[in-house]
Each structure stands twice: as C-alpha cells, then as structure tokens.
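Dropping model.csv in here (CSV, N, CA and C atoms):
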chain,number,residue,atom,x,y,z
A,1,MET,N,121.7,99.4,202.7
A,1,MET,CA,122.0,98.7,201.5
A,1,MET,C,120.8,98.6,200.7
A,2,THR,N,120.8,99.2,199.5
A,2,THR,CA,119.6,99.3,198.7
A,2,THR,C,119.8,98.6,197.3
A,3,LYS,N,120.8,97.8,197.2
A,3,LYS,CA,121.0,97.2,195.9
A,3,LYS,C,120.2,95.9,195.7
A,4,ARG,N,119.7,95.7,194.6
A,4,ARG,CA,119.0,94.4,194.2
A,4,ARG,C,119.4,94.1,192.8
A,5,TRP,N,120.4,93.2,192.7
A,5,TRP,CA,120.9,92.8,191.4
A,5,TRP,C,120.3,91.5,191.1
A,6,ILE,N,120.1,91.3,189.8
A,6,ILE,CA,119.6,90.0,189.4
A,6,ILE,C,120.5,88.9,189.7
A,7,GLY,N,120.0,87.9,190.4
A,7,GLY,CA,120.9,86.7,190.8
A,7,GLY,C,121.6,86.8,192.1
A,8,VAL,N,121.6,88.0,192.7
A,8,VAL,CA,122.2,88.2,194.0
A,8,VAL,C,121.2,88.0,195.1
A,9,VAL,N,121.4,87.0,196.0
A,9,VAL,CA,120.5,86.7,197.0
A,9,VAL,C,120.9,87.3,198.3
A,10,ALA,N,122.2,87.3,198.6
A,10,ALA,CA,122.7,87.8,199.9
A,10,ALA,C,124.1,88.4,199.7
A,11,SER,N,124.5,89.2,200.6
A,11,SER,CA,125.8,89.8,200.6
A,11,SER,C,126.5,89.6,202.0
A,12,LEU,N,127.8,89.3,201.9
A,12,LEU,CA,128.7,89.1,203.1
A,12,LEU,C,129.4,90.5,203.2
A,13,VAL,N,129.2,91.1,204.3
A,13,VAL,CA,129.8,92.4,204.5
A,13,VAL,C,130.7,92.4,205.8
A,14,GLU,N,131.6,93.3,205.8
A,14,GLU,CA,132.4,93.5,207.1
A,14,GLU,C,132.1,94.9,207.6
A,15,ALA,N,131.8,94.9,208.9
A,15,ALA,CA,131.6,96.2,209.6
A,15,ALA,C,132.9,96.8,209.9
A,16,VAL,N,133.3,97.8,209.2
A,16,VAL,CA,134.6,98.5,209.4
A,16,VAL,C,134.6,99.4,210.6
A,17,LYS,N,133.4,100.1,210.7
A,17,LYS,CA,133.2,100.9,211.9
A,17,LYS,C,131.8,100.7,212.4
A,18,SER,N,131.6,100.4,213.7
A,18,SER,CA,130.3,100.1,214.2
A,18,SER,C,130.2,100.5,215.7
A,19,SER,N,129.0,100.6,216.2
A,19,SER,CA,128.8,100.9,217.6
A,19,SER,C,127.5,100.2,218.0
A,20,SER,N,127.3,100.2,219.3
A,20,SER,CA,126.1,99.6,219.9
A,20,SER,C,125.4,100.6,220.7
A,21,ASN,N,124.0,100.5,220.7
A,21,ASN,CA,123.2,101.3,221.5
A,21,ASN,C,121.8,100.7,221.6
A,22,ASN,N,121.4,100.4,222.9
A,22,ASN,CA,120.1,99.8,223.1
A,22,ASN,C,119.9,98.5,222.4
A,23,GLN,N,120.9,97.7,222.4
A,23,GLN,CA,120.9,96.3,221.8
A,23,GLN,C,120.8,96.3,220.3
A,24,LEU,N,121.1,97.5,219.7
A,24,LEU,CA,121.2,97.6,218.2
A,24,LEU,C,122.6,97.9,217.8
A,25,ARG,N,123.0,97.2,216.8
A,25,ARG,CA,124.4,97.4,216.3
A,25,ARG,C,124.2,98.4,215.1
A,26,HIS,N,124.9,99.5,215.2
A,26,HIS,CA,124.9,100.6,214.2
A,26,HIS,C,126.1,100.4,213.3
A,27,LEU,N,125.9,100.0,212.1
A,27,LEU,CA,127.0,99.9,211.1
A,27,LEU,C,127.3,101.2,210.4
A,28,GLU,N,128.3,101.9,210.8
A,28,GLU,CA,128.6,103.2,210.3
A,28,GLU,C,129.4,103.2,209.0
A,29,ASP,N,130.2,102.1,208.9
A,29,ASP,CA,131.0,102.0,207.6
A,29,ASP,C,131.1,100.5,207.4
A,30,ILE,N,130.6,100.0,206.2
A,30,ILE,CA,130.7,98.6,205.8
A,30,ILE,C,131.4,98.5,204.5
A,31,THR,N,131.9,97.3,204.3
A,31,THR,CA,132.5,96.9,203.0
A,31,THR,C,131.9,95.6,202.6
A,32,VAL,N,131.4,95.6,201.4
A,32,VAL,CA,130.9,94.3,200.8
A,32,VAL,C,132.1,93.4,200.5
A,33,ILE,N,132.1,92.3,201.1
A,33,ILE,CA,133.2,91.3,200.8
A,33,ILE,C,132.8,90.5,199.6
A,34,HIS,N,131.6,90.0,199.5
A,34,HIS,CA,131.2,89.2,198.4
A,34,HIS,C,129.7,89.1,198.3
A,35,ASP,N,129.2,89.1,197.0
A,35,ASP,CA,127.7,88.9,196.8
A,35,ASP,C,127.6,87.5,196.3
A,36,TYR,N,126.5,86.8,196.8
A,36,TYR,CA,126.2,85.4,196.5
A,36,TYR,C,124.9,85.2,195.8
A,37,ASP,N,124.8,84.2,195.1
A,37,ASP,CA,123.5,83.8,194.4
A,37,ASP,C,122.8,82.7,195.2
A,38,ASP,N,123.4,82.2,196.3
A,38,ASP,CA,122.8,81.1,197.0
A,38,ASP,C,123.1,81.4,198.5
A,39,LEU,N,122.0,81.2,199.3
A,39,LEU,CA,122.2,81.5,200.8
A,39,LEU,C,123.2,80.6,201.5
A,40,GLN,N,123.2,79.3,201.1
A,40,GLN,CA,124.1,78.4,201.7
A,40,GLN,C,125.6,78.8,201.4
A,41,LYS,N,125.8,79.2,200.2
A,41,LYS,CA,127.2,79.7,199.9
A,41,LYS,C,127.5,80.9,200.7
A,42,THR,N,126.5,81.7,200.9
A,42,THR,CA,126.8,82.9,201.7
A,42,THR,C,127.2,82.5,203.2
A,43,TRP,N,126.5,81.6,203.8
A,43,TRP,CA,126.9,81.2,205.1
A,43,TRP,C,128.2,80.5,205.2
A,44,ASN,N,128.5,79.7,204.1
A,44,ASN,CA,129.8,79.1,204.0
A,44,ASN,C,130.9,80.1,203.9
A,45,GLY,N,130.7,81.2,203.1
A,45,GLY,CA,131.6,82.3,203.0
A,45,GLY,C,131.8,83.0,204.4
A,46,TYR,N,130.7,83.2,205.1
A,46,TYR,CA,130.8,83.8,206.4
A,46,TYR,C,131.6,83.0,207.3
A,47,LYS,N,131.4,81.7,207.4
A,47,LYS,CA,132.1,80.8,208.3
A,47,LYS,C,133.6,80.8,208.0
A,48,GLU,N,133.9,80.8,206.7
A,48,GLU,CA,135.3,80.7,206.2
A,48,GLU,C,136.0,82.0,206.6
A,49,MET,N,135.4,83.2,206.4
A,49,MET,CA,136.0,84.5,206.8
A,49,MET,C,136.1,84.6,208.3
A,50,HIS,N,135.1,84.2,209.0
A,50,HIS,CA,135.2,84.2,210.5
A,50,HIS,C,136.3,83.4,211.0
A,51,LYS,N,136.5,82.2,210.4
A,51,LYS,CA,137.6,81.3,210.9
A,51,LYS,C,138.9,81.9,210.6
A,52,LEU,N,139.1,82.5,209.4
A,52,LEU,CA,140.4,83.2,209.1
A,52,LEU,C,140.6,84.4,209.8
A,53,HIS,N,139.6,85.2,210.2
A,53,HIS,CA,139.7,86.5,210.8
A,53,HIS,C,138.7,86.6,212.0
A,54,PRO,N,138.9,85.9,213.1
A,54,PRO,CA,137.9,85.8,214.1
A,54,PRO,C,137.7,87.2,214.9
A,55,THR,N,138.6,88.1,214.8
A,55,THR,CA,138.4,89.4,215.5
A,55,THR,C,137.7,90.4,214.6
A,56,ARG,N,137.4,90.1,213.4
A,56,ARG,CA,136.7,91.1,212.5
A,56,ARG,C,135.2,90.8,212.6
A,57,GLU,N,134.4,91.8,212.3
A,57,GLU,CA,133.0,91.7,212.4
A,57,GLU,C,132.4,91.6,211.0
A,58,PHE,N,131.8,90.4,210.8
A,58,PHE,CA,131.2,90.1,209.5
A,58,PHE,C,129.7,89.9,209.7
A,59,GLN,N,128.9,90.3,208.7
A,59,GLN,CA,127.4,90.2,208.8
A,59,GLN,C,127.0,89.7,207.4
A,60,VAL,N,125.8,89.0,207.4
A,60,VAL,CA,125.2,88.6,206.2
A,60,VAL,C,123.9,89.3,206.1
A,61,PHE,N,123.6,89.9,204.9
A,61,PHE,CA,122.4,90.6,204.6
A,61,PHE,C,121.7,90.0,203.4
A,62,HIS,N,120.4,89.7,203.5
A,62,HIS,CA,119.6,89.2,202.4
A,62,HIS,C,119.3,90.5,201.6
A,63,THR,N,119.4,90.4,200.3
A,63,THR,CA,119.2,91.5,199.4
A,63,THR,C,117.7,92.0,199.3
A,64,SER,N,116.8,91.2,199.9
A,64,SER,CA,115.4,91.6,199.9
A,64,SER,C,115.1,92.7,201.0
A,65,ARG,N,116.1,92.8,201.9
A,65,ARG,CA,115.9,93.8,203.0
A,65,ARG,C,116.4,95.2,202.5
A,66,SER,N,115.7,96.2,202.9
A,66,SER,CA,116.2,97.5,202.5
A,66,SER,C,117.0,98.2,203.7
A,67,ASP,N,116.9,97.6,204.9
A,67,ASP,CA,117.7,98.2,206.0
A,67,ASP,C,118.8,97.2,206.4
A,68,VAL,N,119.7,97.7,207.2
A,68,VAL,CA,120.8,96.9,207.7
A,68,VAL,C,120.8,96.9,209.2
A,69,GLU,N,119.6,96.7,209.8
A,69,GLU,CA,119.5,96.7,211.2
A,69,GLU,C,120.0,95.4,211.8
A,70,VAL,N,120.8,95.4,212.8
A,70,VAL,CA,121.4,94.2,213.5
A,70,VAL,C,121.0,94.3,214.9
A,71,VAL,N,120.3,93.4,215.4
A,71,VAL,CA,119.9,93.3,216.8
A,71,VAL,C,120.9,92.4,217.5
A,72,GLU,N,121.5,93.0,218.6
A,72,GLU,CA,122.4,92.2,219.4
A,72,GLU,C,121.7,91.2,220.3
A,73,GLU,N,122.2,90.0,220.3
A,73,GLU,CA,121.7,88.9,221.2
A,73,GLU,C,122.8,88.4,222.1
A,74,SER,N,122.5,88.2,223.3
A,74,SER,CA,123.5,87.6,224.2
A,74,SER,C,123.7,86.2,223.9
A,75,PHE,N,124.9,85.7,224.1
A,75,PHE,CA,125.2,84.3,223.9
A,75,PHE,C,125.6,83.6,225.2
A,76,SER,N,124.9,82.5,225.5
A,76,SER,CA,125.3,81.8,226.7
A,76,SER,C,125.5,80.3,226.3
A,77,GLY,N,126.7,79.8,226.5
A,77,GLY,CA,126.9,78.5,226.0
A,77,GLY,C,128.4,78.3,225.8
A,78,VAL,N,128.7,77.2,225.1
A,78,VAL,CA,130.1,76.8,224.9
A,78,VAL,C,130.3,76.8,223.4
A,79,ARG,N,131.3,77.5,222.9
A,79,ARG,CA,131.6,77.5,221.5
A,79,ARG,C,132.6,76.3,221.2
A,80,GLN,N,132.3,75.6,220.1
A,80,GLN,CA,133.1,74.5,219.8
A,80,GLN,C,134.4,75.0,219.0
A,81,GLN,N,135.5,74.5,219.4
A,81,GLN,CA,136.8,74.8,218.7
A,81,GLN,C,136.9,73.9,217.5
A,82,THR,N,137.2,74.5,216.4
A,82,THR,CA,137.4,73.6,215.2
A,82,THR,C,138.8,73.6,214.7

As structure tokens, please, write out the structure in this file.
Amino acid sequence: MTKRWIGVVASLVEAVKSSSNNQLRHLEDITVIHDYDDLQKTWNGYKEMHKLHPTREFQVFHTSRSDVEVVEESFSGVRQQT
C-alpha cells in the first residue's frame, strides 16, 4: 500500500486472500473497505465490521507505512461476548 492522500490517516482493509509463514501474515489480495481521517474512527470501523462479519479478516494500516507486514501473535485469554 503506497498511497498517501491528504487527510487520510489510516485504511481499513479486508484480506481477501492471505497465508501464513514464519509468524508473518502474507496478504496476497486485499480490498480497501474505507479510508479514514481519524485513527479512532478507523478502529471503530474495524470493530463494527468485525462484529458484523466475524469470519472475515480485516486489518488496519496507517498510511505512513509503506509496507503491509502483519506479524501474527498468539492470543491466550478470554474474549468477551458483546
């Protein structure tokens, strides 16, 4: 992702096709869902999309980054049902 538009702070994307290797997520095909001018709005958009479509893979990328590297982290704990 190499776009840097005036006013765009972050993008919410969906990983349409992805794979994992050595704890890195390789996003082979992504779709930009929405561009945001505020990071809090971006996270709110992510939470809303994840709640509506929990089986789809969404990511948030800050537009200052030139790469789309995603490091996988293991989760141990309890997720709260809303």

task = Mind the document's chain letters and residue numbers, and return as a ChimeraX atom specification the residues of segment 4-58 of chain A that DSSP labels strand (DSSP E).
result = /A:10-21,24-36,58

Extract, using all atoms listed in the file, all DNA, RNA and protein residues at most 6 Å from segment 22-24 of chain A, discarding same-chain residues fewer than 5 positions from it, and format them as an mmCIF file with N, CA and C atoms, keeping the file's coordinate frame.
data_model
loop_
_atom_site.group_PDB
_atom_site.id
_atom_site.type_symbol
_atom_site.label_atom_id
_atom_site.label_comp_id
_atom_site.auth_asym_id
_atom_site.auth_seq_id
_atom_site.Cartn_x
_atom_site.Cartn_y
_atom_site.Cartn_z
ATOM 1 N N VAL A 70 120.800 95.400 212.800
ATOM 2 C CA VAL A 70 121.400 94.200 213.500
ATOM 3 C C VAL A 70 121.000 94.300 214.900
ATOM 4 N N VAL A 71 120.300 93.400 215.400
ATOM 5 C CA VAL A 71 119.900 93.300 216.800
ATOM 6 C C VAL A 71 120.900 92.400 217.500
ATOM 7 N N GLU A 72 121.500 93.000 218.600
ATOM 8 C CA GLU A 72 122.400 92.200 219.400
ATOM 9 C C GLU A 72 121.700 91.200 220.300
#

Expected answer as a PyMOL selection string: all residues with atoms within 6.5 Å of (130.7, 102.6, 215.3), only N, CA and C atoms = chain A and resi 17-20+26-29

message = I'd like to know which of A:Ser11, A:Ser66, A:Ser74, A:Gln59 is closest to His34 of chain A, using only C-alpha atoms.
response =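 With only C-alpha atoms as the atom set, the closest residue is A:Ser11.
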
message = I'd like the interatomic distance between atom CA of Gln40 of chain A and atom N of Thr55 of chain A, to a tenth of an Å.
response =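 Distance between the two atoms: 21.8 Å.
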
message = Please extract the residues of chain A with a backbone DSSP assignment of alpha helix (DSSP H) and present them as a list in words.
response =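 DSSP on the backbone gives alpha helix (DSSP H) at Leu39, Gln40, Lys41, Thr42, Trp43, Asn44, Gly45, Tyr46, Lys47, Glu48, Met49, His50, Lys51 and Leu52 of chain A.
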
Selection export as a short mmCIF file (atom, residue, chain, number, x, y, z; two decimals), in the frame of the given file, atoms kept: N, CA and C atoms:
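Below you can see selection_16.cif, which holds the result:
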data_model
loop_
_atom_site.label_atom_id
_atom_site.label_comp_id
_atom_site.auth_asym_id
_atom_site.auth_seq_id
_atom_site.Cartn_x
_atom_site.Cartn_y
_atom_site.Cartn_z
N LEU A 39 122.00 81.20 199.30
CA LEU A 39 122.20 81.50 200.80
C LEU A 39 123.20 80.60 201.50
N GLN A 40 123.20 79.30 201.10
CA GLN A 40 124.10 78.40 201.70
C GLN A 40 125.60 78.80 201.40
N LYS A 41 125.80 79.20 200.20
CA LYS A 41 127.20 79.70 199.90
C LYS A 41 127.50 80.90 200.70
N THR A 42 126.50 81.70 200.90
CA THR A 42 126.80 82.90 201.70
C THR A 42 127.20 82.50 203.20
N TRP A 43 126.50 81.60 203.80
CA TRP A 43 126.90 81.20 205.10
C TRP A 43 128.20 80.50 205.20
N ASN A 44 128.50 79.70 204.10
CA ASN A 44 129.80 79.10 204.00
C ASN A 44 130.90 80.10 203.90
N GLY A 45 130.70 81.20 203.10
CA GLY A 45 131.60 82.30 203.00
C GLY A 45 131.80 83.00 204.40
N TYR A 46 130.70 83.20 205.10
CA TYR A 46 130.80 83.80 206.40
C TYR A 46 131.60 83.00 207.30
N LYS A 47 131.40 81.70 207.40
CA LYS A 47 132.10 80.80 208.30
C LYS A 47 133.60 80.80 208.00
N GLU A 48 133.90 80.80 206.70
CA GLU A 48 135.30 80.70 206.20
C GLU A 48 136.00 82.00 206.60
N MET A 49 135.40 83.20 206.40
CA MET A 49 136.00 84.50 206.80
C MET A 49 136.10 84.60 208.30
N HIS A 50 135.10 84.20 209.00
CA HIS A 50 135.20 84.20 210.50
C HIS A 50 136.30 83.40 211.00
N LYS A 51 136.50 82.20 210.40
CA LYS A 51 137.60 81.30 210.90
C LYS A 51 138.90 81.90 210.60
N LEU A 52 139.10 82.50 209.40
CA LEU A 52 140.40 83.20 209.10
C LEU A 52 140.60 84.40 209.80
#

Atomic separation - atom CA of Leu12 of chain A relative to atom C of Asn44 of chain A, Å =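 A separation of 9.3 Å between them.
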
ask   = So what do you get for atom N of Thr31 of chain A versus atom N of Val60 of chain A, distance-wise?
value =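 Pair atom N of Thr31 of chain A / atom N of Val60 of chain A returns 10.8 Å.
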
Produce chain A of the given structure as output with C-alpha atoms, as a short mmCIF file (atom, residue, chain, number, x, y, z; two decimals), in the first residue's frame.
data_model
loop_
_atom_site.label_atom_id
_atom_site.label_comp_id
_atom_site.auth_asym_id
_atom_site.auth_seq_id
_atom_site.Cartn_x
_atom_site.Cartn_y
_atom_site.Cartn_z
CA MET A 1 0.00 0.00 0.00
CA THR A 2 1.80 3.12 -1.19
CA LYS A 3 -0.97 5.68 -1.18
CA ARG A 4 -0.69 8.86 0.85
CA TRP A 5 -3.66 11.10 0.33
CA ILE A 6 -4.13 14.40 2.06
CA GLY A 7 -6.34 13.88 5.08
CA VAL A 8 -6.20 10.06 5.06
CA VAL A 9 -4.65 8.74 8.26
CA ALA A 10 -5.47 5.03 8.06
CA SER A 11 -7.23 2.47 5.89
CA LEU A 12 -9.45 -0.43 6.88
CA VAL A 13 -8.78 -3.33 4.53
CA GLU A 14 -10.06 -6.87 4.09
CA ALA A 15 -7.63 -9.64 3.32
CA VAL A 16 -9.41 -11.47 0.50
CA LYS A 17 -6.56 -13.96 0.05
CA SER A 18 -3.83 -14.49 2.63
CA SER A 19 -1.47 -17.09 4.01
CA SER A 20 0.89 -17.50 6.97
CA ASN A 21 4.57 -18.38 7.07
CA ASN A 22 7.04 -17.98 9.97
CA GLN A 23 4.57 -15.94 12.05
CA LEU A 24 4.05 -13.47 9.20
CA ARG A 25 0.71 -12.95 7.51
CA HIS A 26 1.11 -12.57 3.75
CA LEU A 27 -1.75 -10.55 2.28
CA GLU A 28 -1.90 -11.65 -1.34
CA ASP A 29 -5.14 -9.87 -2.25
CA ILE A 30 -6.67 -7.02 -0.25
CA THR A 31 -9.64 -4.72 -0.68
CA VAL A 32 -9.76 -1.26 0.86
CA ILE A 33 -13.03 -1.06 2.79
CA HIS A 34 -12.72 2.56 3.89
CA ASP A 35 -10.14 5.35 4.28
CA TYR A 36 -10.33 7.41 7.46
CA ASP A 37 -9.07 10.82 8.55
CA ASP A 38 -9.01 9.83 12.24
CA LEU A 39 -7.44 6.79 13.90
CA GLN A 40 -10.25 6.37 16.44
CA LYS A 41 -12.81 6.30 13.62
CA THR A 42 -10.69 3.66 11.92
CA TRP A 43 -10.73 1.39 14.99
CA ASN A 44 -14.47 1.96 15.41
CA GLY A 45 -14.95 0.94 11.77
CA TYR A 46 -12.80 -2.15 12.34
CA LYS A 47 -14.83 -3.18 15.40
CA GLU A 48 -18.12 -2.65 13.58
CA MET A 49 -17.04 -4.71 10.54
CA HIS A 50 -15.59 -7.46 12.75
CA LYS A 51 -18.83 -7.63 14.73
CA LEU A 52 -20.92 -7.86 11.54
CA HIS A 53 -18.56 -10.32 9.78
CA PRO A 54 -16.52 -12.20 12.43
CA THR A 55 -15.18 -14.82 9.98
CA ARG A 56 -13.65 -12.27 7.59
CA GLU A 57 -10.11 -10.97 8.03
CA PHE A 58 -9.84 -7.20 8.49
CA GLN A 59 -6.68 -5.18 9.07
CA VAL A 60 -5.94 -1.53 9.80
CA PHE A 61 -2.95 0.15 8.18
CA HIS A 62 -1.61 3.59 8.94
CA THR A 63 -0.91 5.47 5.71
CA SER A 64 2.56 6.49 6.92
CA ARG A 65 3.70 2.87 6.42
CA SER A 66 4.93 1.79 3.02
CA ASP A 67 4.62 -1.95 3.76
CA VAL A 68 1.70 -4.13 4.78
CA GLU A 69 3.58 -6.55 7.02
CA VAL A 70 1.40 -8.29 9.61
CA VAL A 71 3.07 -10.22 12.42
CA GLU A 72 0.92 -12.98 13.91
CA GLU A 73 0.66 -13.03 17.67
CA SER A 74 -0.83 -15.82 19.70
CA PHE A 75 -3.79 -14.95 21.90
CA SER A 76 -4.33 -16.53 25.28
CA GLY A 77 -7.25 -15.35 27.30
CA VAL A 78 -10.99 -14.99 27.24
CA ARG A 79 -12.81 -12.92 24.65
CA GLN A 80 -15.80 -11.01 25.92
CA GLN A 81 -19.09 -11.65 24.11
CA THR A 82 -20.95 -8.44 23.27
#
